[in-house]
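Structure data follow from entry21.cif (mmCIF, C-alpha atoms and all ligand atoms):
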```cif
data_run
#
loop_
_atom_site.label_atom_id
_atom_site.label_comp_id
_atom_site.auth_asym_id
_atom_site.auth_seq_id
_atom_site.Cartn_x
_atom_site.Cartn_y
_atom_site.Cartn_z
CA MET W 1 -139.08 -80.69 99.19
CA ARG W 2 -138.74 -82.32 102.59
CA ILE W 3 -140.23 -85.51 101.11
CA PRO W 4 -139.37 -85.34 97.41
CA LEU W 5 -141.55 -86.78 94.67
CA ALA W 6 -138.74 -89.06 93.54
CA LYS W 7 -135.09 -89.70 94.19
CA PRO W 8 -132.56 -92.30 93.13
CA GLU W 9 -130.88 -94.80 95.44
CA ILE W 10 -127.14 -94.27 95.00
CA LEU W 11 -124.89 -96.68 96.90
CA ASP W 12 -121.10 -96.55 97.37
CA SER W 13 -120.87 -99.38 94.84
CA ASP W 14 -122.56 -97.13 92.23
CA ILE W 15 -120.10 -94.32 92.96
CA GLU W 16 -117.14 -96.71 92.78
CA ALA W 17 -118.34 -98.03 89.40
CA VAL W 18 -118.43 -94.49 88.01
CA VAL W 19 -115.05 -93.57 89.50
CA ARG W 20 -113.50 -96.73 87.99
CA VAL W 21 -114.45 -95.45 84.54
CA LEU W 22 -113.15 -91.96 85.36
CA ARG W 23 -109.73 -93.50 86.07
CA THR W 24 -109.55 -94.78 82.48
CA PRO W 25 -109.27 -92.82 79.23
CA ASN W 26 -112.52 -94.41 77.97
CA LEU W 27 -115.19 -91.88 78.89
CA ALA W 28 -117.23 -92.41 75.72
CA MET W 29 -117.88 -95.31 73.34
CA GLY W 30 -115.80 -97.55 75.62
CA PRO W 31 -116.21 -100.90 77.36
CA ALA W 32 -118.75 -99.58 79.90
CA LEU W 33 -121.14 -98.78 77.03
CA ALA W 34 -120.80 -102.29 75.61
CA GLU W 35 -121.26 -103.82 79.06
CA PHE W 36 -124.40 -101.78 79.80
CA GLN W 37 -125.95 -102.69 76.45
CA GLN W 38 -125.20 -106.39 77.00
CA SER W 39 -126.54 -106.31 80.56
CA ILE W 40 -129.83 -104.70 79.53
CA ALA W 41 -130.24 -107.05 76.54
CA ALA W 42 -129.63 -110.07 78.79
CA TYR W 43 -132.06 -108.80 81.45
CA ILE W 44 -134.85 -108.08 78.97
CA GLY W 45 -134.13 -111.14 76.85
CA THR W 46 -133.57 -109.35 73.53
CA PRO W 47 -130.59 -109.95 71.26
CA HIS W 48 -129.65 -106.27 70.88
CA ALA W 49 -129.65 -103.04 72.88
CA VAL W 50 -128.49 -99.58 71.76
CA ALA W 51 -127.88 -97.14 74.63
CA VAL W 52 -128.42 -93.42 74.03
CA ASN W 53 -128.48 -90.16 75.99
CA SER W 54 -132.22 -90.16 76.82
CA GLY W 55 -135.47 -92.07 76.52
CA THR W 56 -136.63 -89.45 74.04
CA SER W 57 -133.59 -90.10 71.83
CA ALA W 58 -134.34 -93.84 71.97
CA LEU W 59 -137.94 -93.16 70.96
CA HIS W 60 -136.82 -90.93 68.13
CA LEU W 61 -134.48 -93.64 66.80
CA ALA W 62 -137.24 -96.27 67.08
CA LEU W 63 -139.51 -94.11 64.91
CA ARG W 64 -136.75 -93.03 62.52
CA CYS W 65 -135.93 -96.69 61.83
CA LEU W 66 -139.51 -97.26 60.57
CA ASP W 67 -138.95 -94.88 57.60
CA LEU W 68 -142.36 -93.29 57.87
CA LYS W 69 -143.34 -90.28 55.79
CA GLU W 70 -145.01 -86.97 56.53
CA GLY W 71 -148.65 -87.39 57.55
CA ASP W 72 -148.40 -91.11 58.35
CA GLU W 73 -150.49 -91.90 61.40
CA VAL W 74 -149.21 -93.42 64.63
CA ILE W 75 -151.68 -94.59 67.28
CA VAL W 76 -150.67 -93.37 70.77
CA PRO W 77 -152.17 -92.51 74.15
CA SER W 78 -153.00 -88.88 74.90
CA PHE W 79 -152.46 -89.53 78.62
CA ALA W 80 -148.67 -89.67 78.24
CA PHE W 81 -145.37 -87.87 78.65
CA ALA W 82 -144.73 -85.01 76.21
CA ALA W 83 -141.78 -86.80 74.58
CA ILE W 84 -144.25 -88.90 72.63
CA ALA W 85 -145.89 -85.92 70.95
CA ASN W 86 -142.58 -84.15 70.47
CA VAL W 87 -140.88 -86.97 68.56
CA LEU W 88 -143.94 -87.61 66.40
CA LEU W 89 -144.22 -83.92 65.49
CA GLN W 90 -140.48 -83.70 64.88
CA GLU W 91 -140.86 -86.50 62.35
CA ARG W 92 -143.94 -84.75 60.85
CA LEU W 93 -146.10 -87.74 61.73
CA THR W 94 -149.72 -87.48 62.84
CA PRO W 95 -150.49 -88.73 66.36
CA VAL W 96 -153.84 -90.50 66.56
CA PHE W 97 -154.85 -90.31 70.20
CA VAL W 98 -156.85 -93.11 71.76
CA ASP W 99 -158.46 -93.41 75.16
CA ILE W 100 -157.28 -95.35 78.18
CA ASP W 101 -158.60 -97.87 80.66
CA PRO W 102 -159.81 -95.92 83.72
CA ARG W 103 -157.98 -98.20 86.19
CA THR W 104 -154.71 -99.09 84.49
CA LEU W 105 -154.44 -95.77 82.59
CA ASN W 106 -153.10 -97.72 79.58
CA ILE W 107 -154.46 -97.74 76.04
CA THR W 108 -156.51 -100.85 75.34
CA PRO W 109 -156.55 -103.38 72.48
CA SER W 110 -160.14 -102.42 71.56
CA ALA W 111 -159.40 -98.66 71.44
CA ILE W 112 -156.38 -99.32 69.24
CA GLU W 113 -158.31 -101.58 66.87
CA ALA W 114 -161.12 -99.03 66.53
CA ALA W 115 -158.64 -96.26 65.65
CA ILE W 116 -156.86 -98.08 62.81
CA SER W 117 -157.33 -96.28 59.48
CA PRO W 118 -155.85 -96.72 55.98
CA CYS W 119 -153.21 -94.12 57.04
CA THR W 120 -152.10 -95.97 60.19
CA ARG W 121 -148.42 -96.93 59.95
CA ALA W 122 -147.50 -97.86 63.53
CA VAL W 123 -148.78 -98.35 67.07
CA LEU W 124 -146.90 -96.90 70.04
CA VAL W 125 -147.92 -98.42 73.36
CA VAL W 126 -146.88 -96.90 76.70
CA HIS W 127 -146.72 -99.08 79.80
CA THR W 128 -147.96 -96.25 82.02
CA PHE W 129 -146.38 -95.86 85.46
CA GLY W 130 -144.99 -99.40 85.13
CA TYR W 131 -148.36 -101.15 84.84
CA PRO W 132 -148.00 -103.43 81.80
CA ALA W 133 -150.40 -102.79 78.93
CA GLU W 134 -152.26 -105.77 77.44
CA ILE W 135 -149.37 -106.09 75.08
CA ASP W 136 -149.91 -109.67 73.90
CA ALA W 137 -153.46 -108.85 72.73
CA ILE W 138 -152.18 -105.63 71.16
CA GLN W 139 -149.40 -107.57 69.42
CA LYS W 140 -152.02 -109.86 67.85
CA ILE W 141 -153.85 -106.83 66.44
CA THR W 142 -150.72 -105.17 65.04
CA ARG W 143 -149.64 -108.46 63.42
CA GLN W 144 -153.09 -108.94 61.89
CA HIS W 145 -152.90 -105.45 60.40
CA ASN W 146 -149.21 -105.75 59.53
CA LEU W 147 -148.33 -102.69 61.61
CA PRO W 148 -145.04 -102.15 63.46
CA LEU W 149 -145.40 -102.08 67.24
CA ILE W 150 -143.20 -99.90 69.45
CA GLU W 151 -143.27 -100.39 73.22
CA ASP W 152 -142.52 -97.27 75.24
CA ALA W 153 -141.37 -98.99 78.39
CA CYS W 154 -139.58 -95.92 79.79
CA GLU W 155 -141.58 -96.24 83.00
CA ALA W 156 -141.66 -100.01 83.19
CA LEU W 157 -138.25 -101.71 83.35
CA GLY W 158 -138.82 -105.23 84.70
CA ALA W 159 -142.60 -105.39 84.17
CA GLU W 160 -143.87 -108.68 82.73
CA VAL W 161 -146.85 -110.04 80.80
CA ASN W 162 -147.58 -113.76 81.03
CA GLY W 163 -144.09 -114.40 82.38
CA LYS W 164 -142.35 -112.50 79.55
CA LYS W 165 -140.54 -109.20 80.10
CA ILE W 166 -142.17 -106.23 78.45
CA GLY W 167 -139.85 -104.90 75.79
CA THR W 168 -139.91 -108.27 74.01
CA PHE W 169 -143.36 -107.86 72.43
CA GLY W 170 -142.76 -104.88 70.15
CA ASP W 171 -140.62 -104.70 67.03
CA THR W 172 -138.62 -102.27 69.14
CA ALA W 173 -138.93 -101.11 72.73
CA ILE W 174 -137.40 -98.25 74.65
CA PHE W 175 -136.47 -97.63 78.28
CA ALA W 176 -135.37 -94.47 80.11
CA PHE W 177 -133.06 -93.87 83.04
CA TYR W 178 -133.75 -90.39 84.42
CA PRO W 179 -133.18 -90.32 88.23
CA ASN W 180 -136.88 -90.89 88.98
CA LYS W 181 -136.83 -94.25 87.18
CA GLN W 182 -136.43 -97.79 88.59
CA ILE W 183 -132.72 -97.61 87.71
CA THR W 184 -130.84 -94.48 86.68
CA THR W 185 -127.89 -93.49 84.54
CA GLY W 186 -128.34 -89.81 85.46
CA GLU W 187 -129.68 -89.14 81.98
CA GLY W 188 -130.03 -91.96 79.48
CA GLY W 189 -132.18 -94.32 77.51
CA ILE W 190 -131.94 -97.53 75.51
CA LEU W 191 -133.57 -99.13 72.52
CA VAL W 192 -133.94 -102.92 72.53
CA VAL W 193 -134.59 -104.89 69.37
CA ALA W 194 -134.43 -108.42 68.00
CA ASP W 195 -133.67 -107.51 64.37
CA PRO W 196 -129.88 -107.15 63.86
CA GLN W 197 -130.33 -104.80 60.86
CA LEU W 198 -132.47 -102.48 62.93
CA ALA W 199 -129.95 -102.57 65.78
CA ARG W 200 -127.17 -101.69 63.35
CA ARG W 201 -129.17 -98.82 61.87
CA ALA W 202 -129.99 -97.38 65.31
CA THR W 203 -126.32 -97.65 66.27
CA LEU W 204 -125.28 -95.69 63.17
CA LEU W 205 -127.98 -93.04 63.63
CA ARG W 206 -126.87 -92.59 67.25
CA SER W 207 -123.55 -91.13 66.11
CA GLN W 208 -123.97 -88.95 62.99
CA ALA W 209 -124.99 -91.95 60.82
CA LYS W 210 -121.33 -92.55 59.99
CA ASP W 211 -121.06 -95.98 58.37
CA ASP W 212 -117.50 -97.26 58.68
CA SER W 213 -118.27 -100.18 56.36
CA LEU W 214 -118.50 -97.70 53.45
CA ASP W 215 -115.75 -95.91 51.58
CA TRP W 216 -114.34 -92.93 53.52
CA ALA W 217 -115.63 -90.42 50.95
CA GLY W 218 -119.25 -91.59 51.22
CA GLN W 219 -119.91 -92.77 54.77
CA HIS W 220 -122.94 -90.56 55.41
CA THR W 221 -125.96 -91.79 53.50
CA GLU W 222 -128.65 -90.31 55.75
CA ILE W 223 -129.12 -87.72 58.49
CA GLY W 224 -127.65 -88.82 61.81
CA TYR W 225 -127.79 -87.56 65.37
CA SER W 226 -125.55 -87.00 68.37
CA TYR W 227 -127.34 -89.28 70.80
CA ARG W 228 -124.30 -90.94 72.38
CA ILE W 229 -124.33 -91.70 76.12
CA ALA W 230 -121.11 -91.38 78.16
CA ASP W 231 -119.45 -94.45 79.68
CA ILE W 232 -119.75 -92.86 83.14
CA ASN W 233 -123.53 -92.97 82.80
CA CYS W 234 -123.41 -96.54 81.51
CA ALA W 235 -121.27 -97.69 84.45
CA LEU W 236 -123.86 -96.26 86.84
CA GLY W 237 -126.59 -98.06 84.88
CA THR W 238 -124.84 -101.44 85.02
CA ALA W 239 -124.20 -101.07 88.76
CA GLN W 240 -127.86 -100.22 89.36
CA LEU W 241 -129.11 -103.01 87.11
CA SER W 242 -127.07 -105.54 89.12
CA ARG W 243 -129.58 -105.05 91.99
CA ILE W 244 -132.75 -104.52 89.96
CA ASP W 245 -134.65 -107.35 91.67
CA SER W 246 -134.14 -105.80 95.08
CA LEU W 247 -134.96 -102.30 93.79
CA LEU W 248 -138.24 -103.53 92.27
CA GLU W 249 -139.12 -105.48 95.39
CA GLN W 250 -138.59 -102.42 97.59
CA ARG W 251 -140.70 -100.26 95.28
CA GLN W 252 -143.42 -102.93 95.42
CA LYS W 253 -143.29 -102.78 99.25
CA ARG W 254 -143.67 -98.98 99.25
CA ALA W 255 -146.67 -99.32 96.92
CA ALA W 256 -148.22 -101.91 99.26
CA SER W 257 -147.72 -99.56 102.22
CA TYR W 258 -149.53 -96.77 100.38
CA GLY W 259 -152.26 -99.19 99.30
CA ALA W 260 -152.87 -100.35 102.89
CA ARG W 261 -153.54 -96.73 103.92
CA LEU W 262 -155.44 -95.47 100.89
CA ARG W 263 -157.40 -98.42 99.53
CA ASN W 264 -161.16 -98.32 100.15
CA HIS W 265 -161.08 -94.69 101.17
CA PRO W 266 -164.13 -92.91 99.67
CA THR W 267 -162.15 -89.88 98.46
CA ILE W 268 -159.38 -91.79 96.69
CA LEU W 269 -158.98 -94.39 93.98
CA ALA W 270 -155.70 -96.16 94.67
CA PRO W 271 -153.89 -97.74 91.70
CA PRO W 272 -154.40 -101.50 91.16
CA SER W 273 -152.13 -103.39 93.57
CA ALA W 274 -151.51 -106.28 91.17
CA CYS W 275 -151.90 -107.13 87.50
CA PRO W 276 -153.97 -110.26 86.70
CA TYR W 277 -151.89 -111.08 83.60
CA GLY W 278 -148.42 -109.95 84.64
CA ARG W 279 -146.13 -108.10 86.97
CA ILE W 280 -146.12 -104.37 87.73
CA SER W 281 -142.76 -102.60 87.90
CA TRP W 282 -143.66 -99.69 90.18
CA PHE W 283 -142.42 -96.41 88.68
CA ALA W 284 -144.70 -93.96 90.49
CA TYR W 285 -147.56 -94.14 92.99
CA VAL W 286 -150.39 -92.29 91.27
CA VAL W 287 -153.82 -92.03 92.88
CA GLN W 288 -156.98 -90.63 91.35
CA LEU W 289 -159.17 -88.37 93.46
CA ALA W 290 -162.82 -89.47 93.56
CA GLU W 291 -165.01 -88.32 90.67
CA LYS W 292 -166.73 -85.64 92.75
CA PHE W 293 -163.46 -83.66 92.81
CA SER W 294 -162.70 -81.12 90.11
CA ARG W 295 -159.39 -80.34 88.50
CA GLN W 296 -159.25 -77.20 90.65
CA ASP W 297 -159.69 -79.33 93.79
CA ARG W 298 -156.83 -81.56 92.64
CA ASP W 299 -154.63 -78.56 91.96
CA ARG W 300 -155.36 -77.14 95.41
CA VAL W 301 -154.38 -80.45 97.05
CA TRP W 302 -151.23 -80.59 94.91
CA GLU W 303 -150.29 -77.08 96.04
CA ALA W 304 -151.16 -77.70 99.68
CA LEU W 305 -148.97 -80.83 99.79
CA ARG W 306 -146.08 -78.97 98.23
CA GLU W 307 -146.48 -76.09 100.69
CA ARG W 308 -145.93 -78.68 103.43
CA GLY W 309 -142.75 -79.88 101.76
CA ILE W 310 -144.36 -82.99 100.27
CA GLY W 311 -143.49 -83.50 96.59
CA ALA W 312 -146.53 -84.30 94.44
CA GLY W 313 -146.97 -84.49 90.67
CA ARG W 314 -149.77 -83.89 88.19
CA TYR W 315 -148.90 -86.57 85.58
CA PHE W 316 -150.10 -85.94 82.75
CA ALA W 317 -152.07 -83.16 81.08
CA PRO W 318 -153.75 -84.71 77.99
CA LEU W 319 -151.54 -84.27 74.93
CA HIS W 320 -154.44 -83.68 72.53
CA ASN W 321 -155.28 -80.41 74.33
CA GLN W 322 -151.75 -78.99 74.22
CA PRO W 323 -151.43 -75.88 72.03
CA VAL W 324 -148.58 -77.41 69.99
CA LEU W 325 -150.84 -80.31 68.94
CA GLN W 326 -153.67 -78.20 67.57
CA GLY W 327 -154.27 -78.99 63.91
CA ARG W 328 -151.59 -81.70 64.08
CA HIS W 329 -153.40 -84.73 65.46
CA ARG W 330 -156.44 -86.90 64.98
CA ARG W 331 -158.76 -88.23 67.67
CA GLY W 332 -159.03 -92.01 67.47
CA GLY W 333 -162.38 -92.04 69.29
CA SER W 334 -163.63 -90.47 72.50
CA LEU W 335 -160.97 -89.24 74.92
CA ALA W 336 -163.42 -88.82 77.79
CA ILE W 337 -161.63 -91.18 80.20
CA THR W 338 -158.29 -89.48 79.49
CA GLU W 339 -159.75 -86.06 80.24
CA SER W 340 -161.52 -87.20 83.40
CA ALA W 341 -158.62 -89.22 84.85
CA ALA W 342 -155.97 -86.63 83.93
CA SER W 343 -157.80 -83.94 85.88
CA ARG W 344 -157.89 -86.08 89.04
CA VAL W 345 -154.52 -87.89 89.11
CA LEU W 346 -151.94 -87.08 91.73
CA ALA W 347 -148.51 -88.70 92.00
CA LEU W 348 -147.29 -89.10 95.59
CA PRO W 349 -143.68 -89.27 96.80
CA PHE W 350 -142.28 -92.60 95.68
CA PHE W 351 -138.73 -93.92 96.02
CA VAL W 352 -136.81 -96.80 97.57
CA ASP W 353 -135.75 -94.95 100.75
CA LEU W 354 -139.27 -93.70 101.54
CA THR W 355 -140.00 -94.61 105.19
CA GLU W 356 -143.24 -95.85 106.75
CA ASP W 357 -143.37 -92.60 108.77
CA GLN W 358 -143.10 -90.54 105.61
CA ILE W 359 -145.85 -92.60 103.95
CA ASP W 360 -147.99 -92.02 107.06
CA GLU W 361 -147.36 -88.28 106.85
CA VAL W 362 -148.16 -88.08 103.13
CA CYS W 363 -151.38 -90.09 103.50
CA SER W 364 -152.58 -88.21 106.58
CA ALA W 365 -151.99 -84.86 104.89
CA LEU W 366 -153.69 -86.00 101.68
CA LEU W 367 -156.75 -87.48 103.40
CA ALA W 368 -157.07 -84.46 105.71
CA PHE W 369 -157.19 -82.12 102.69
CA LEU W 370 -159.77 -84.30 100.95
CA THR W 371 -162.08 -84.69 103.92
C1 LIG D 401 -143.41 -92.82 78.85
C2 LIG D 401 -142.16 -92.04 78.64
N1 LIG D 401 -141.65 -91.95 77.40
C3 LIG D 401 -140.52 -91.27 77.14
C4 LIG D 401 -139.82 -90.64 78.15
C5 LIG D 401 -138.60 -89.84 77.81
O1 LIG D 401 -137.45 -90.16 78.53
P1 LIG D 401 -136.34 -89.03 78.80
O2 LIG D 401 -136.88 -88.09 79.79
O3 LIG D 401 -135.18 -89.84 79.31
O4 LIG D 401 -136.04 -88.40 77.50
C6 LIG D 401 -140.30 -90.72 79.47
C7 LIG D 401 -139.58 -90.07 80.57
O5 LIG D 401 -139.97 -90.01 81.68
C8 LIG D 401 -141.51 -91.43 79.72
O6 LIG D 401 -142.03 -91.50 80.95
#
```
If you convert what's in this file into structure tokens, what do you get?
Amino acid sequence: MRIPLAKPEILDSDIEAVVRVLRTPNLAMGPALAEFQQSIAAYIGTPHAVAVNSGTSALHLALRCLDLKEGDEVIVPSFAFAAIANVLLQERLTPVFVDIDPRTLNITPSAIEAAISPCTRAVLVVHTFGYPAEIDAIQKITRQHNLPLIEDACEALGAEVNGKKIGTFGDTAIFAFYPNKQITTGEGGILVVADPQLARRATLLRSQAKDDSLDWAGQHTEIGYSYRIADINCALGTAQLSRIDSLLEQRQKRAASYGARLRNHPTILAPPSACPYGRISWFAYVVQLAEKFSRQDRDRVWEALRERGIGAGRYFAPLHNQPVLQGRHRRGGSLAITESAASRVLALPFFVDLTEDQIDEVCSALLAFLT
């Protein structure tokens, strides 16, 4: 794509940080891993962080640590990345899909409360596209019902609610660092947690569940995984995190530039430019086409943009309609907003280096197709 959908900002200082690790023998489980974990924990304001090889691995460990059993229900959005369904199905849990707010595209406290059943064992909230969910109200509900709360903050590093970083509201929270994210490690993810026992368990599970505190002959008491992340990736992550404020500010500026061109246009619903109770960490710039447009119209625009070399994305097809989910989920109420919004969303090119000229070109092409 001439104007890609996403791309990372890699500076010489990032490259030097990676090369520094390559000049040592510590390519895995070394000091760069410890430093990355400490840096993320300090930035989020949680006591512990366990870095792994992907956001999906972090999510899997977060669920694994809850010791749920087959058929237990977990409340989740259907308008979400496939990793959420995949890890729940892998654990033989039942996703209970709830609807979203039409503007923020996040699940709401009232939809969650209405979906709670005697089989509910956890709530998994996604901060979609970096717009923070109403996590303090959701936290009140989960506490009232004595349910664990997991924050999937893979798309929302640096977002805040009432002055507090997201990732500090749930019992655990996870972040991801694929190259389209606010900071990247190439591939990678991290679980943050306050409870030291949980942090220890996730650390063991990350590497074959080998517990060195036990006798050599019996160090494996449960199934473990190979979810380690290399120190090279961690060094890149720490270098990127050192300029997170500037990265987020630049993303915010790109979003404002899009907003200035697209807001109040009759064919487009631009995403909210600010959050009344917190701070957005812009992951993607996702517009909704006006309600008069069909899914086929959206797909034609998506294709037309791509034919012009403009990267565009159709995030996300509703999970509850995916073939793999049939017979394996429950609907926690109507999913009408999910279905309607999902058929009209379009992600536009969004990255730090995006120029005003490129934003002009994307918006002109988009509006020309729609009018
Ligand atoms: C909301 C959400 N959850 C989980 C993930 C999984 O992260 P990864 O692709 O690093 O496995 C992503 C990745 O984009 C995501 O957006």
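Using all atoms listed in the file for every distance, the candidate list W:Val286, W:Ala230, W:Ile3, W:Leu68 yields W:Leu68 as the residue closest to Thr120 of chain W.
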- Message: Applying 10 Å and only C-alpha atoms, which residues near segment 289-302 of chain W remain after dropping the ones on its own chain fewer than 4 positions away? List them as JSON, numbers by chain.
- Response: {"W": [265, 266, 267, 268, 269, 270, 306, 307, 310, 311, 312, 313, 314, 340, 341, 342, 343, 344, 345, 346, 347, 348, 365, 366, 367, 368, 369, 370]}
- Item | Atomic distance atom CA of Leu93 of chain W - atom CA of Ala62 of chain W, expressed in Å with one decimal |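 Computing it gives 13.4 Å between the two atoms.
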Could the centre and edge lengths of an axis-aligned box, enclosing all atoms of segment 184-203 of chain W in the file with 5 Å extra on each side, be given in Å to one decimal as JSON?
```
{"center_x": -130.5, "center_y": -98.8, "center_z": 73.8, "size_x": 18.3, "size_y": 29.3, "size_z": 35.8}
```
- Item | Pairwise distance for atom CA of Ser117 of chain W and atom CA of Pro318 of chain W, rounded to one decimal in Å |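 These two atoms are separated by 22.1 Å.
Relative to atom CA of Lys253 of chain W, atom CA of Leu236 of chain W is found at 24.0 Å.
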Kindly assemble as CSV a list of the chain W residues that lie within 8 Å of ligand LIG 401 (chain D), each paired with its nearest atom pair and their distance in Å to one decimal, using all atoms listed in the file, sorted first by chain and then by ascending residue number.
```
residue,atom,partner,partner_atom,distance
W:Asn53,CA,D:LIG401,O3,7.5
W:Ser54,CA,D:LIG401,O3,3.9
W:Gly55,CA,D:LIG401,O1,3.4
W:Thr56,CA,D:LIG401,O4,3.7
W:Ser57,CA,D:LIG401,O4,6.4
W:Ala58,CA,D:LIG401,O4,7.9
W:Leu59,CA,D:LIG401,C3,7.0
W:Ala80,CA,D:LIG401,C1,6.2
W:Phe81,CA,D:LIG401,C2,5.3
W:Ala82,CA,D:LIG401,C3,7.6
W:Ala83,CA,D:LIG401,C3,5.3
W:Ile84,CA,D:LIG401,N1,6.2
W:Val126,CA,D:LIG401,C1,5.8
W:His127,CA,D:LIG401,C1,7.1
W:Thr128,CA,D:LIG401,C1,6.5
W:Phe129,CA,D:LIG401,O6,7.6
W:Asp152,CA,D:LIG401,C1,5.8
W:Ala153,CA,D:LIG401,C1,6.5
W:Cys154,CA,D:LIG401,C2,4.8
W:Glu155,CA,D:LIG401,O6,5.2
W:Phe175,CA,D:LIG401,O1,7.5
W:Ala176,CA,D:LIG401,O3,4.7
W:Phe177,CA,D:LIG401,O3,5.9
W:Tyr178,CA,D:LIG401,O3,5.3
W:Asn180,CA,D:LIG401,O5,8.0
W:Lys181,CA,D:LIG401,O5,7.6
W:Glu187,CA,D:LIG401,O3,6.2
W:Gly188,CA,D:LIG401,O3,5.6
W:Gly189,CA,D:LIG401,O3,5.7
```
- Message: For a quick check of your reading of the model, name the residues lying within 10 Å of the coordinate (-160.1, -99.5, 67.6), counting all atoms listed in the file, and write them as a PyMOL selection string.
- Response: chain W and resi 75+98-99+108-117+141+332-333
- Query: If you count only C-alpha atoms, which residues fall within 12 Å of Ser257 of chain W, apart from same-chain ones fewer than 3 positions away, as a ChimeraX atom specification?
  - Reply: /W:250-254,260-263,270,273,285,350,354-360,362-363
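Distances from W:Pro95, W:Gly30, W:Gly309, W:Pro4 to Ala235 of chain W were compared using only C-alpha atoms, and the smallest one belongs to W:Gly30.
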- From the list W:Pro118, W:Gly186, W:Gly158, W:Pro47, which residue is nearest Thr172 of chain W when using only C-alpha atoms?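 Once distances to Thr172 of chain W are computed over only C-alpha atoms, the minimum belongs to W:Pro47.
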- Shell around segment 85-92 of chain W at 12 Å using all atoms listed in the file, local window under 2 positions removed, as a PyMOL selection string: chain W and resi 55-83+94-97+122-124+318-329
Take segment 185-197 of chain W, model N, CA and C atoms, and hand the result over as an mmCIF file, in the coordinates of the input.
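The new file result-v4.cif reads:
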```cif
data_model
loop_
_atom_site.group_PDB
_atom_site.id
_atom_site.type_symbol
_atom_site.label_atom_id
_atom_site.label_comp_id
_atom_site.auth_asym_id
_atom_site.auth_seq_id
_atom_site.Cartn_x
_atom_site.Cartn_y
_atom_site.Cartn_z
ATOM 1 N N THR W 185 -129.241 -93.754 85.052
ATOM 2 C CA THR W 185 -127.890 -93.490 84.540
ATOM 3 C C THR W 185 -127.612 -91.991 84.653
ATOM 4 N N GLY W 186 -128.391 -91.282 85.435
ATOM 5 C CA GLY W 186 -128.340 -89.810 85.460
ATOM 6 C C GLY W 186 -129.300 -89.328 84.379
ATOM 7 N N GLU W 187 -128.831 -89.285 83.166
ATOM 8 C CA GLU W 187 -129.680 -89.140 81.980
ATOM 9 C C GLU W 187 -129.360 -90.337 81.096
ATOM 10 N N GLY W 188 -130.339 -90.848 80.380
ATOM 11 C CA GLY W 188 -130.030 -91.960 79.480
ATOM 12 C C GLY W 188 -131.258 -92.708 79.042
ATOM 13 N N GLY W 189 -131.097 -93.487 78.009
ATOM 14 C CA GLY W 189 -132.180 -94.320 77.510
ATOM 15 C C GLY W 189 -131.591 -95.458 76.703
ATOM 16 N N ILE W 190 -132.440 -96.396 76.304
ATOM 17 C CA ILE W 190 -131.940 -97.530 75.510
ATOM 18 C C ILE W 190 -133.044 -98.054 74.620
ATOM 19 N N LEU W 191 -132.624 -98.507 73.451
ATOM 20 C CA LEU W 191 -133.570 -99.130 72.520
ATOM 21 C C LEU W 191 -133.209 -100.612 72.484
ATOM 22 N N VAL W 192 -134.208 -101.479 72.640
ATOM 23 C CA VAL W 192 -133.940 -102.920 72.530
ATOM 24 C C VAL W 192 -134.681 -103.461 71.316
ATOM 25 N N VAL W 193 -134.054 -104.432 70.651
ATOM 26 C CA VAL W 193 -134.590 -104.890 69.370
ATOM 27 C C VAL W 193 -134.045 -106.288 69.055
ATOM 28 N N ALA W 194 -134.870 -107.072 68.378
ATOM 29 C CA ALA W 194 -134.430 -108.420 68.000
ATOM 30 C C ALA W 194 -133.720 -108.395 66.639
ATOM 31 N N ASP W 195 -134.166 -107.537 65.741
ATOM 32 C CA ASP W 195 -133.670 -107.510 64.370
ATOM 33 C C ASP W 195 -132.254 -106.910 64.302
ATOM 34 N N PRO W 196 -131.256 -107.673 63.854
ATOM 35 C CA PRO W 196 -129.880 -107.150 63.860
ATOM 36 C C PRO W 196 -129.692 -105.957 62.909
ATOM 37 N N GLN W 197 -130.448 -105.921 61.805
ATOM 38 C CA GLN W 197 -130.330 -104.800 60.860
ATOM 39 C C GLN W 197 -130.804 -103.506 61.517
#
```
